[in-house]
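Chemist: Can you keep this structure in mind? I'll have questions shortly.
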There are 4 protein chains.
Amino acid sequence: MRRVLLLLALVPALLLPQGSYAQNAQRRIDVSGRWFVNFDFHGTPVTFSLVLMQEGDKLTGNLQEIKLEGGLQGNSINFLAKSEDATFDCKGIVQGNTISGTLTYANAANLEPPSTHPFTATLVPQRTSAAPQRHEFVPTVFYRQFSAANKPVLTVSPGDTIHTTTVDAGGSDEKGITRSLGGNPQTGPFYIETAGPGDTLVVHLTRIRLNRGWAISDDALVGRALDSELAVKMKDGGKPVRWHLDTQRGIATPEKPLEHLTRYTVPLLPMLGCVAVAPDSMQAAPPTGDSGPWGGNMDFNEIVEGATVYLPISVPGALLYVGDGHAVQGDGELNGNALETSMDVEFTVDVIPGKRIIGPRVESATEIMAMGLGGSMDDAFRAATSSMAQWLTEDYELTPSEVAQVLGTAAQYKVSEVADRDAGIVLKIKKELVQPLVPAAK
Amino acid sequence: MRRVLLLLALVPALLLPQGSYAQNAQRRIDVSGRWFVNFDFHGTPVTFSLVLMQEGDKLTGNLQEIKLEGGLQGNSINFLAKSEDATFDCKGIVQGNTISGTLTYANAANLEPPSTHPFTATLVPQRTSAAPQRHEFVPTVFYRQFSAANKPVLTVSPGDTIHTTTVDAGGSDEKGITRSLGGNPQTGPFYIETAGPGDTLVVHLTRIRLNRGWAISDDALVGRALDSELAVKMKDGGKPVRWHLDTQRGIATPEKPLEHLTRYTVPLLPMLGCVAVAPDSMQAAPPTGDSGPWGGNMDFNEIVEGATVYLPISVPGALLYVGDGHAVQGDGELNGNALETSMDVEFTVDVIPGKRIIGPRVESATEIMAMGLGGSMDDAFRAATSSMAQWLTEDYELTPSEVAQVLGTAAQYKVSEVADRDAGIVLKIKKELVQPLVPAAK
Amino acid sequence: MRRVLLLLALVPALLLPQGSYAQNAQRRIDVSGRWFVNFDFHGTPVTFSLVLMQEGDKLTGNLQEIKLEGGLQGNSINFLAKSEDATFDCKGIVQGNTISGTLTYANAANLEPPSTHPFTATLVPQRTSAAPQRHEFVPTVFYRQFSAANKPVLTVSPGDTIHTTTVDAGGSDEKGITRSLGGNPQTGPFYIETAGPGDTLVVHLTRIRLNRGWAISDDALVGRALDSELAVKMKDGGKPVRWHLDTQRGIATPEKPLEHLTRYTVPLLPMLGCVAVAPDSMQAAPPTGDSGPWGGNMDFNEIVEGATVYLPISVPGALLYVGDGHAVQGDGELNGNALETSMDVEFTVDVIPGKRIIGPRVESATEIMAMGLGGSMDDAFRAATSSMAQWLTEDYELTPSEVAQVLGTAAQYKVSEVADRDAGIVLKIKKELVQPLVPAAK
Amino acid sequence: MRRVLLLLALVPALLLPQGSYAQNAQRRIDVSGRWFVNFDFHGTPVTFSLVLMQEGDKLTGNLQEIKLEGGLQGNSINFLAKSEDATFDCKGIVQGNTISGTLTYANAANLEPPSTHPFTATLVPQRTSAAPQRHEFVPTVFYRQFSAANKPVLTVSPGDTIHTTTVDAGGSDEKGITRSLGGNPQTGPFYIETAGPGDTLVVHLTRIRLNRGWAISDDALVGRALDSELAVKMKDGGKPVRWHLDTQRGIATPEKPLEHLTRYTVPLLPMLGCVAVAPDSMQAAPPTGDSGPWGGNMDFNEIVEGATVYLPISVPGALLYVGDGHAVQGDGELNGNALETSMDVEFTVDVIPGKRIIGPRVESATEIMAMGLGGSMDDAFRAATSSMAQWLTEDYELTPSEVAQVLGTAAQYKVSEVADRDAGIVLKIKKELVQPLVPAAK
């Protein structure tokens with residue numbers, strides 16, 4: 001079954017208090033702003049997003065998706081957040097940028113008796129207007145799970161740029177040295193200041209360049225691509241194939257081409273197979289071969305230099321991971337492996353506070369793209385359509401009838417990935433078609 | 001179940017006798033050449049392809065896929081075609097370009113007793129070297145099934161060009177007059193001389209132009225595109241939407257745009273939703289909303305002016321149908337209807353004798369494309385991959401390992417159709433990548 | 001695309017006039033009752049269901065799903081049926097049980113200009129109270145399409161019983177004589193008096209018995225059952241296997257069992273692979289290997305002696321077809337062929353007027369079963385769930401929440417068919433669970 | 001991509017040395033037997049299975065699936081295991097039941113340079129003939145991942161019986177006290193002595209009984225069950241429903257039944273939603289809502305008292321988890337939640353050394369059952385078929401043709417699960433059909 005009792009599935013768009021996000025240095029304590037509330041629920045670490053708005057002694061705001069009311073007396077704070085499903089009764093003491101206290105959770109349906117848990121809340125720092133920084137980061141550890149529990153390797157601010165490298169899917173670096181067991185070991189996680197659950201992370205990929213002259217692939221076709229007849233023909237596939245990457249000429253060629261491929265060359269188009277944020281800590285950390293709303297091993301060959309990736313944030317700091325560089329990849333990553341290689345990458349991060357998207361989005365100079373992921377291509381296709389419908393509804397303010405008319409005339413679907421547990425389908429729309437629809441106020 | 005006892009599923013590549021396709025006017029009868037054998041099998045009309053090669057009194061060749069041996073005495077002919085599954089024993093009298101006689105069918109496994117059937121065979125005319133003709137054809141009847149039983153509206157030769165019109169999916173012509181019940185009524189069928197089972201039909205689309213200023217669509221999204229959440233949002237869809245087609249400016253706009261679509265325009269890209277040949281007469285004739293290896297309602301928005309469509313032929317004359325013009329169509333035909341309109345079309349037909357492909361292929365100036373059709377997108381995806389693997393294997397002589405390497409680096413998949421019973425996925429490869437692989441002899 | 005302009009997709013439950021279904025022998029003409037309206041729509045024969053209720057000179061009722069209003073003057077009749085999508089304006093002359101006149105169809109959205117068509121309507125006879133009859137029927141023709149155009153072989157009344165035989169899927173009869181090309185040739189169609197579009201046909205299978213001692217099957221596994229690994233293992237399958245049917249001992253055994261199957265026996269459980277009604281005449285007639293809401297080649301191994309099959313009727317007389325007997329069939333019909341054999345069958349037919357179901361239903365002594373059909377198992381699964389939800393909603397008057405609770409605790413799903421174009425999944429519920437929920441009034 | 005460089009996907013059936021599994025107490029060291037080799041591969045803990053057979057100074061055997069050769073000099077051991085893909089060169093010192101040394105891994109294709117890693121190997125104890133024990137185990141910690149890293153809560157021997165309890169899917173125990181965050185918290189893991197990678201775990205469920213009088217469910221239908229129409233009808237679902245469990249009468253009823261369900265009762269059939277072993281440590285630990293070859297959240301309503309579950313073991317000790325009790329569950333677990341409740345469970349464990357199965361198997365008194373899991377029902381269906389084909393091939397020694405004939409006549413498929421990421425389909429065969437086929441030697 002799927003029953004998870006702490007009923008807090010989704011954090012919707014937040015209404016943030018205007019202009020008073022940090023604690024004021026006034027005489028009276030002002031707790032207005034956004035906080036991360038951490039507590040332990042019978043052994044599982046949980047982080048909630050808390051938005052408080054203070055007027056005099058009265059508090060309003062939200063705990064995750066739930067409206068709250070409460071008050072402040074001296075440095076004693078209390079509030080009650082009550083939804084159809086659950087009630088959270090919080091009491092605590094404010095000390096600087098920290099609140100300590102207890103949270104009592106009661107299931108509205110009285111399915112179980114209430115339980116009380118100590119919590120600590122910390123104020124989320126406001127975004128600063130300081131000049132963006134560029135960080136050089138040399139990775140020394142490579143993670144194999146997109147985990148909220150991995151210690152951030154670097155903390156940066158929105159607007160900052162990170163320059164770093166990634167090892168290949170098998171764990172080998174630019175010198176061919178094995179640095180990790182394979183399975184898409186990642187560089188990161190990077191902690192982005194001010195980012196929290198309910199926000200969207202923006203990753204501008206400013207540089208994705210090869211940093212070695214070879215890549216590894218193979219000659220199998222993945223099972224998902226094979227009907228029974230082709231399966232029989234392809235039964236002997238699976239041998240490793242080493243490719244030469246010629247950055248001068250911008251092409252890849254098999255190092256030892258078979259008879260009919262001696263004239264085969266394919267243009268280099270370096271891309272990142274993985275861009276991810278950490279899912280929330282209540283979930284098991286996914287392996288770096290998996291994908292989900294949080295991105296991950298999307299293996300989409302338009303996540304290239306110049307593209308922007310948007311991901312929904314579930315944990316404080318977003319925890320950004322990158323890895324799994326491909327020198328070239330056909331749609332679907334049919335060999336299971338693309339031309340796997342290490343990579344020299346640079347990206348600028350940003351945060352859109354209070355904007356929650358339901359799945360990965362990608363933007364190029366000319367197109368907006370919504371990615372659908374699912375256990376079958378049909379499910380992935382529906383997810384992509386649903387995600388783009390959300391995009392058109394929220395950012396372009398289209399009604400359902402209008403969404404249908406635009407999709408019917410402008411939709412372009414391509415297959416991104418069939419080699420992993422999730423298949424991926426991407427729904428693209430040319431910007432020139434929807435640009436005229438942008439609401440005046442935006 | 002699926003049991004069809006007459007075991008003649010596929011006609012493989014034929015080895016045709018060189019240069020003696022027609023009957024010689026010599027003293028001695030020469031039956032060398034290709035014949036269509038027609039007989040009635042307990043109420044079902046059946047057409048077989050027969051290739052005879054005569055040396056003296058001895059006959060060799062093939063009946064469908066099966067090797068035959070036989071002889072000729074005066075104008076008496078007899079031959080036996082025997083496969084693992086079945087035996088066909090034929091006896092007849094040759095009179096000019098006709099053979100009349102009896103065919104005795106015996107199931108090799110003795111599942112049933114043998115049965116004997118009168119047959120008539122007619123010699124397939126040889127391809128002439130006459131100059132190609134251009135035919136003006138004004139349709140008066142529109143068929144709603146891709147049937148082998150519909151009488152050809154025109155007979156043309158390979159190399160000929162046909163200029164005609166199509167009504168829209170709802171049956172309305174360029175003047176808006178209803179000419180047929182809807183459901184993609186077709187112009188055709190056109191009989192192509194020399195074409196027969198086991199050949200490939202080539203349709204060069206030289207002209208696909210609008211011939212009226214409006215199109216009909218709607219504002220629904222088809223069920224296959226909806227997850228449960230989007231289904232709820234889209235529940236009120238389905239109203240017809242009339243579009244203005246501005247051929248001057250090359251754009252389409254809703255005639256009465258809703259509030260947020262007043263600035264929405266989309267470039268015209270006229271295409272044919274249907275290009276088909278008739279399936280063999282042993283099968284029920286499919287409705288013109290269906291698709292299959294024989295093409296049909298493929299709704300692929302790259303079947304445009306300039307494209308070439310290849311279809312496997314199953315009946316004498318191929319019986320080509322065209323229809324279902326779209327002024328514009330997003331990938332997948334998400335509204336169920338694209339911008340449905342009548343069309344002015346012109347195409348040149350050709351036949352590749354003895355080449356059998358397993359599904360529709362499309363070629364543009366820059367790409368080769370194999371279409372997969374299936375009950376799910378996953379099945380369509382596998383079919384597209386399998387069809388392109390055949391293409392690379394047969395036309396480029398690649399081994400399975402080589403096929404895998406090319407597909408892994410060069411495959412591009414797009415969704416063609418999700419609005420009909422079959423979903424469609426198209427696997428495309430840039431010609432510039434595979435052109436260097438063309439075998440020297442080709 | 002899918003555009004069929006004559007917008008008459010579904011005939012909903014009809015409200016039939018009480019007790020005056022036939023024409024009264026009064027002085028004044030009374031047209032109250034149900035009529036079948038036949039006309040030709042640009043080459044396509046169309047049949048509509050018309051229900052008229054007369055009060056004085058005023059007429060109310062329905063044309064297909066659309067409410068109508070009209071009047072009668074002498075023997076001149078006129079009425080207008082107007083929906084959101086279309087208007088039908090009918091004028092005619094009543095003569096006995098026939099109305100002749102013209103029908104003018106206008107698309108509400110003015111997509112095309114109106115068109116006028118001559119029609120003939122015939123009064124549907126009322127159900128008689130005569131004693132049910134038993135008909136012996138010896139088939140001489142076997143159809144390979146579930147067509148509305150095939151001439152009925154026998155006309156019977158609701159409540160009547162038909163005793164007949166079916167040939168096997170390959171066309172062979174009880175003596176092993178080939179009577180038709182294979183592909184599930186059918187016995188029928190049987191015309192059921194009073195039955196018309198919008199009704200439900202009930203087929204009680206009172207006898208399904210073997211009438212010969214052998215069956216044909218094979219040793220392949222169909223593609224839908226094969227992952228890539230199993231495809232390789234099964235690559236040599238496809239040889240015919242002849243089975244001995246021992247009705248004395250009630251078992252089947254391979255006639256020449258392979259080494260490890262010498263002790264293999266399987267109990268006989270004779271079933272019908274096909275039970276169908278004809279789809280409406282606007283659709284292409286499906287091949288007898290296909291399935292749909294109208295039933296067809298369902299290959300469900302619980303369609304056995306004692307079971308009742310329910311099918312939604314689309315044409316006058318329902319046009320019932322039966323065929324494709326299996327001596328034994330595992331779930332899914334994995335070999336493509338089950339143990340195919342001829343059969344001795346008897347069934348009693350009935351009609352539920354005005355009850356429209358969305359797909360095939362089956363009932364046994366202990367279970368109710370809703371069949372879902374679709375291009376993938378996932379689609380078939382959804383269709384089965386949707387069909388059972390309709391059943392629980394309409395016959396048991398359950399709300400959506402109640403439907404969910406019953407399905408969550410009582411649903412049993414089995415795979416019926418994977419060997420044909422549609423996969424089939426059946427949702428079963430034990431009668432003992434839902435029997436207590438039957439509304440008091442029923 | 002999916003590239004994991006340490007090429008050791010599957011451990012095949014092992015040929016274990018006969019009768020000398022433990023170290024002999026002879027003068028000369030004898031290392032014959034089975035060892036677990038632990039090492040760290042760039043941060044990832046890896047466990048390999050090592051089988052050594054000693055003759056004089058010479059060693060043969062297997063490291064995982066790879067044949068090895070080596071020797072022993074005094075207490076110095078060395079061996080080389082070499083496959084097509086990789087070479088492992090091991091050197092070490094034997095001390096009692098431990099070997100310490102270094103393992104050098106080289107990729108055969110020279111994809112990366114070789115790397116050397118310290119290892120420790122420990123001898124696997126031989127199975128003792130001691131009388132089986134019964135263990136009372138009271139759980140205090142509940143895990144939410146099927147992890148190889150969780151410390152075993154109890155170590156038992158093959159043949160032993162464990163009596164314990166499980167909390168419900170939401171983490172509540174028999175008294176309704178919340179003991180864990182929800183999401184199927186598990187009791188375990190239990191370490192089974194002698195069990196290791198390449199073996200099969202056998203879990204005889206001897207007792208699955210309710211230990212409280214209520215369960216929680218809801219009134220939603222999961223998305224996978226909804227077509228667009230049913231999605232709209234079910235849009236308001238999702239409210240919790242509390243059920244009364246009456247163990248006296250053996251039935252469940254809603255505590256506050258809605259209007260039409262006041263007479264609805266459903267028989268109790270307590271089952272375990274989760275039975276799992278830990279996947280190998282190179283994989284990320286799956287959440288307890290997921291399933292795989294290692295079992296997990298299978299939600300199959302025939303995993304009941306009296307059933308036996310077979311799972312392929314990937315780690316030393318197998319690490320058995322159990323949880324997610326359901327008082328009643330319809331096929332598919334359509335509500336997402338079944339009747340979720342705590343449970344009193346008892347089971348006897350056993351190990352089949354050297355037998356590797358490809359997925360979960362279940363056995364009842366009357367049936368053998370192979371479970372298929374996959375991202376779509378179609379994939380799950382293929383997996384179930386493939387798994388049963390393996391079963392028939394290995395245990396019944398059937399050829400592919402024979403497998404096809406048995407499946408075609410004996411297969412029964414049911415849907416186990418549609419509520420989680422993997423769908424599940426179970427292929428069942430009646431034991432009475434295949435029992436006569438058991439090879440004489442078995």
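Identifiers in this document derive from the order of the structure tokens: chains are assigned A, B, ..., residues are numbered from 1 separately in each chain, and ligands are numbered from 1 in order of occurrence.
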Residues of chain C within 6 Å of chain A, counting only C-alpha atoms - could you list those as an MDAnalysis selection string?

Modeler: chainID C and resid 223 228 231:232

Chemist: Need to verify the contact set: D:Thr161, 10 Å, only C-alpha atoms, exclusion of same-chain residues closer than 4 positions in sequence. Can you return it as a list in words?

Modeler: Pro132, Gln133, Arg134, His135, Glu136, Val156, Ser157, Val203, His204, Leu205, Thr206, Glu346, Phe347, Thr348, Val349 and Asp350 of chain D

Chemist: Pull N, CA, C and O atoms from the residues just selected and write them as a compact mmCIF listing (two decimals), in the first residue's frame.

Modeler:
```
# COMPACT_ATOMS: atom_id res chain seq x y z
N PRO D 132 15.16 -27.28 14.85
CA PRO D 132 14.68 -25.93 14.57
C PRO D 132 14.14 -25.26 15.83
O PRO D 132 13.56 -25.93 16.69
N GLN D 133 14.37 -23.95 15.89
CA GLN D 133 13.91 -23.20 17.06
C GLN D 133 12.72 -22.33 16.71
O GLN D 133 12.54 -21.95 15.55
N ARG D 134 11.98 -21.96 17.73
CA ARG D 134 10.91 -20.98 17.54
C ARG D 134 11.30 -19.73 18.32
O ARG D 134 11.64 -19.80 19.50
N HIS D 135 11.30 -18.58 17.65
CA HIS D 135 11.73 -17.33 18.26
C HIS D 135 10.53 -16.41 18.46
O HIS D 135 9.78 -16.17 17.52
N GLU D 136 10.39 -15.91 19.69
CA GLU D 136 9.42 -14.84 19.93
C GLU D 136 10.15 -13.52 19.73
O GLU D 136 11.17 -13.27 20.36
N VAL D 156 18.64 -16.06 12.86
CA VAL D 156 18.01 -17.38 13.01
C VAL D 156 18.65 -18.36 12.04
O VAL D 156 19.39 -17.97 11.14
N SER D 157 18.34 -19.63 12.23
CA SER D 157 18.87 -20.68 11.35
C SER D 157 17.80 -21.13 10.38
O SER D 157 16.60 -21.02 10.67
N VAL D 203 9.98 -18.67 2.67
CA VAL D 203 9.25 -18.18 3.85
C VAL D 203 7.88 -18.84 3.89
O VAL D 203 7.00 -18.51 3.09
N HIS D 204 7.73 -19.79 4.80
CA HIS D 204 6.42 -20.43 5.00
C HIS D 204 5.62 -19.59 5.97
O HIS D 204 6.01 -19.44 7.13
N LEU D 205 4.51 -19.04 5.51
CA LEU D 205 3.70 -18.20 6.39
C LEU D 205 2.74 -19.09 7.19
O LEU D 205 1.72 -19.55 6.66
N THR D 206 3.10 -19.35 8.43
CA THR D 206 2.31 -20.31 9.21
C THR D 206 1.18 -19.65 9.98
O THR D 206 0.26 -20.32 10.44
N GLU D 346 3.56 -15.33 12.03
CA GLU D 346 4.54 -16.37 12.32
C GLU D 346 4.95 -17.01 11.01
O GLU D 346 4.12 -17.23 10.14
N PHE D 347 6.25 -17.27 10.91
CA PHE D 347 6.72 -17.88 9.66
C PHE D 347 7.96 -18.70 9.92
O PHE D 347 8.73 -18.44 10.85
N THR D 348 8.13 -19.71 9.08
CA THR D 348 9.30 -20.58 9.15
C THR D 348 10.16 -20.28 7.93
O THR D 348 9.64 -20.17 6.83
N VAL D 349 11.47 -20.11 8.16
CA VAL D 349 12.34 -19.75 7.04
C VAL D 349 13.21 -20.93 6.63
O VAL D 349 13.52 -21.80 7.44
N ASP D 350 13.56 -20.94 5.37
CA ASP D 350 14.49 -21.97 4.90
C ASP D 350 15.30 -21.38 3.76
O ASP D 350 14.97 -20.31 3.24
```

Chemist: To one decimal place in Å, what is the distance between atom CA of D:Met271 and atom CA of D:Gly374?

Modeler: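 Interatomic distance here is 21.8 Å.
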
Chemist: Using Å and a single decimal, report how far atom CA of D:Leu427 sits from atom CA of D:Met369.

Modeler: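 Pair atom CA of D:Met369 / atom CA of D:Leu427 returns 5.5 Å.
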
Chemist: From the set C:Gly317, C:Gly325, C:Gly238, C:Gly359, which residue has the shortest atom-to-atom contact distance to C:Pro197, counting only C-alpha atoms?

Modeler: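 With only C-alpha atoms as the atom set, the closest residue is C:Gly317.
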
Chemist: Interatomic distance between atom CA of D:Ala284 and atom CA of D:Gly323?

Modeler: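 Going from atom CA of D:Ala284 over to atom CA of D:Gly323 covers 20.1 Å.
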
Chemist: I need the residues of stretch 233-269 of chain D that end up classed as helix (DSSP H, G or I) by DSSP on the backbone, written out as a ChimeraX atom specification.

Modeler: /D:233,259-261

Chemist: Excluding A:Ala195 and residues on its chain fewer than 6 positions from it, collect all residues at most 10 Å away from it, counting only C-alpha atoms, and give them as a ChimeraX atom specification.

Modeler: /A:124-127,157-158,201,313-319,350-354

Chemist: According to DSSP computed on the backbone, where in stretch 61-155 of chain C is there strand (DSSP E)? Give the residues as number ranges by chain.

Modeler: C: 61-63, 66-73, 76-82, 86-95, 98-107, 115-123, 134-136, 154-155

Chemist: Would you mind listing what lies within 7 Å of C:Thr87 as a short mmCIF file (atom, residue, chain, number, x, y, z; two decimals) with all heavy atoms, in the first residue's frame, with only C-alpha atoms counted and same-chain residues fewer than 3 positions away left out?

Modeler:
```
data_model
loop_
_atom_site.label_atom_id
_atom_site.label_comp_id
_atom_site.auth_asym_id
_atom_site.auth_seq_id
_atom_site.Cartn_x
_atom_site.Cartn_y
_atom_site.Cartn_z
N ALA C 81 -35.80 17.34 -34.19
CA ALA C 81 -34.97 16.88 -33.07
C ALA C 81 -33.71 17.75 -33.07
O ALA C 81 -33.03 17.86 -34.08
CB ALA C 81 -34.61 15.41 -33.26
N LYS C 82 -33.47 18.37 -31.95
CA LYS C 82 -32.43 19.41 -31.91
C LYS C 82 -31.54 19.21 -30.69
O LYS C 82 -32.02 19.22 -29.56
CB LYS C 82 -33.13 20.76 -31.82
CG LYS C 82 -32.22 21.95 -32.02
CD LYS C 82 -33.05 23.24 -32.19
CE LYS C 82 -32.13 24.41 -32.46
NZ LYS C 82 -32.90 25.63 -32.74
N SER C 83 -30.28 19.04 -30.94
CA SER C 83 -29.34 18.91 -29.82
C SER C 83 -28.35 20.07 -29.89
O SER C 83 -28.45 20.93 -30.75
CB SER C 83 -28.59 17.58 -29.92
OG SER C 83 -27.60 17.68 -30.93
N TYR C 105 -30.58 17.29 -42.23
CA TYR C 105 -29.58 17.32 -41.17
C TYR C 105 -28.81 18.63 -41.24
O TYR C 105 -28.32 19.02 -42.30
CB TYR C 105 -28.62 16.14 -41.35
CG TYR C 105 -27.32 16.29 -40.62
CD1 TYR C 105 -27.28 16.25 -39.22
CD2 TYR C 105 -26.13 16.47 -41.31
CE1 TYR C 105 -26.06 16.40 -38.55
CE2 TYR C 105 -24.92 16.62 -40.66
CZ TYR C 105 -24.89 16.58 -39.26
OH TYR C 105 -23.71 16.71 -38.60
N ALA C 106 -28.75 19.33 -40.13
CA ALA C 106 -27.94 20.55 -40.07
C ALA C 106 -27.03 20.48 -38.86
O ALA C 106 -27.45 20.17 -37.75
CB ALA C 106 -28.83 21.78 -39.98
N ASN C 107 -25.81 20.75 -39.14
CA ASN C 107 -24.81 20.83 -38.10
C ASN C 107 -25.03 22.12 -37.32
O ASN C 107 -25.12 23.20 -37.91
CB ASN C 107 -23.46 20.85 -38.83
CG ASN C 107 -22.34 20.73 -37.88
OD1 ASN C 107 -22.18 21.60 -37.03
ND2 ASN C 107 -21.59 19.65 -37.99
N ALA C 108 -25.13 22.02 -36.01
CA ALA C 108 -25.45 23.21 -35.22
C ALA C 108 -24.40 24.30 -35.37
O ALA C 108 -24.70 25.49 -35.35
CB ALA C 108 -25.60 22.83 -33.75
#
```

Chemist: Excluding same-chain residues fewer than 2 positions from B:Leu398, what lies within 9 Å of it counting only C-alpha atoms, as an mmCIF file with C-alpha atoms, in the first residue's frame?

Modeler:
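Output below, filename result-v1.cif:
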```
data_model
loop_
_atom_site.group_PDB
_atom_site.id
_atom_site.type_symbol
_atom_site.label_atom_id
_atom_site.label_comp_id
_atom_site.auth_asym_id
_atom_site.auth_seq_id
_atom_site.Cartn_x
_atom_site.Cartn_y
_atom_site.Cartn_z
ATOM 1 C CA GLU A 259 33.256 -3.130 -41.314
ATOM 2 C CA HIS A 260 30.289 -0.996 -42.368
ATOM 3 C CA LEU A 261 30.918 1.838 -39.930
ATOM 4 C CA ALA B 389 16.533 -1.766 -37.974
ATOM 5 C CA LEU B 392 19.518 -0.182 -41.906
ATOM 6 C CA THR B 393 20.052 -3.905 -42.293
ATOM 7 C CA GLU B 394 18.714 -4.222 -45.812
ATOM 8 C CA ASP B 395 19.565 -0.922 -47.470
ATOM 9 C CA TYR B 396 22.801 -0.160 -45.615
ATOM 10 C CA PRO B 400 23.033 -6.054 -35.618
ATOM 11 C CA SER B 401 25.982 -4.588 -33.676
ATOM 12 C CA GLU B 402 26.306 -1.806 -36.246
ATOM 13 C CA VAL B 403 22.573 -1.131 -36.217
ATOM 14 C CA LEU B 437 27.232 4.248 -45.131
#
```
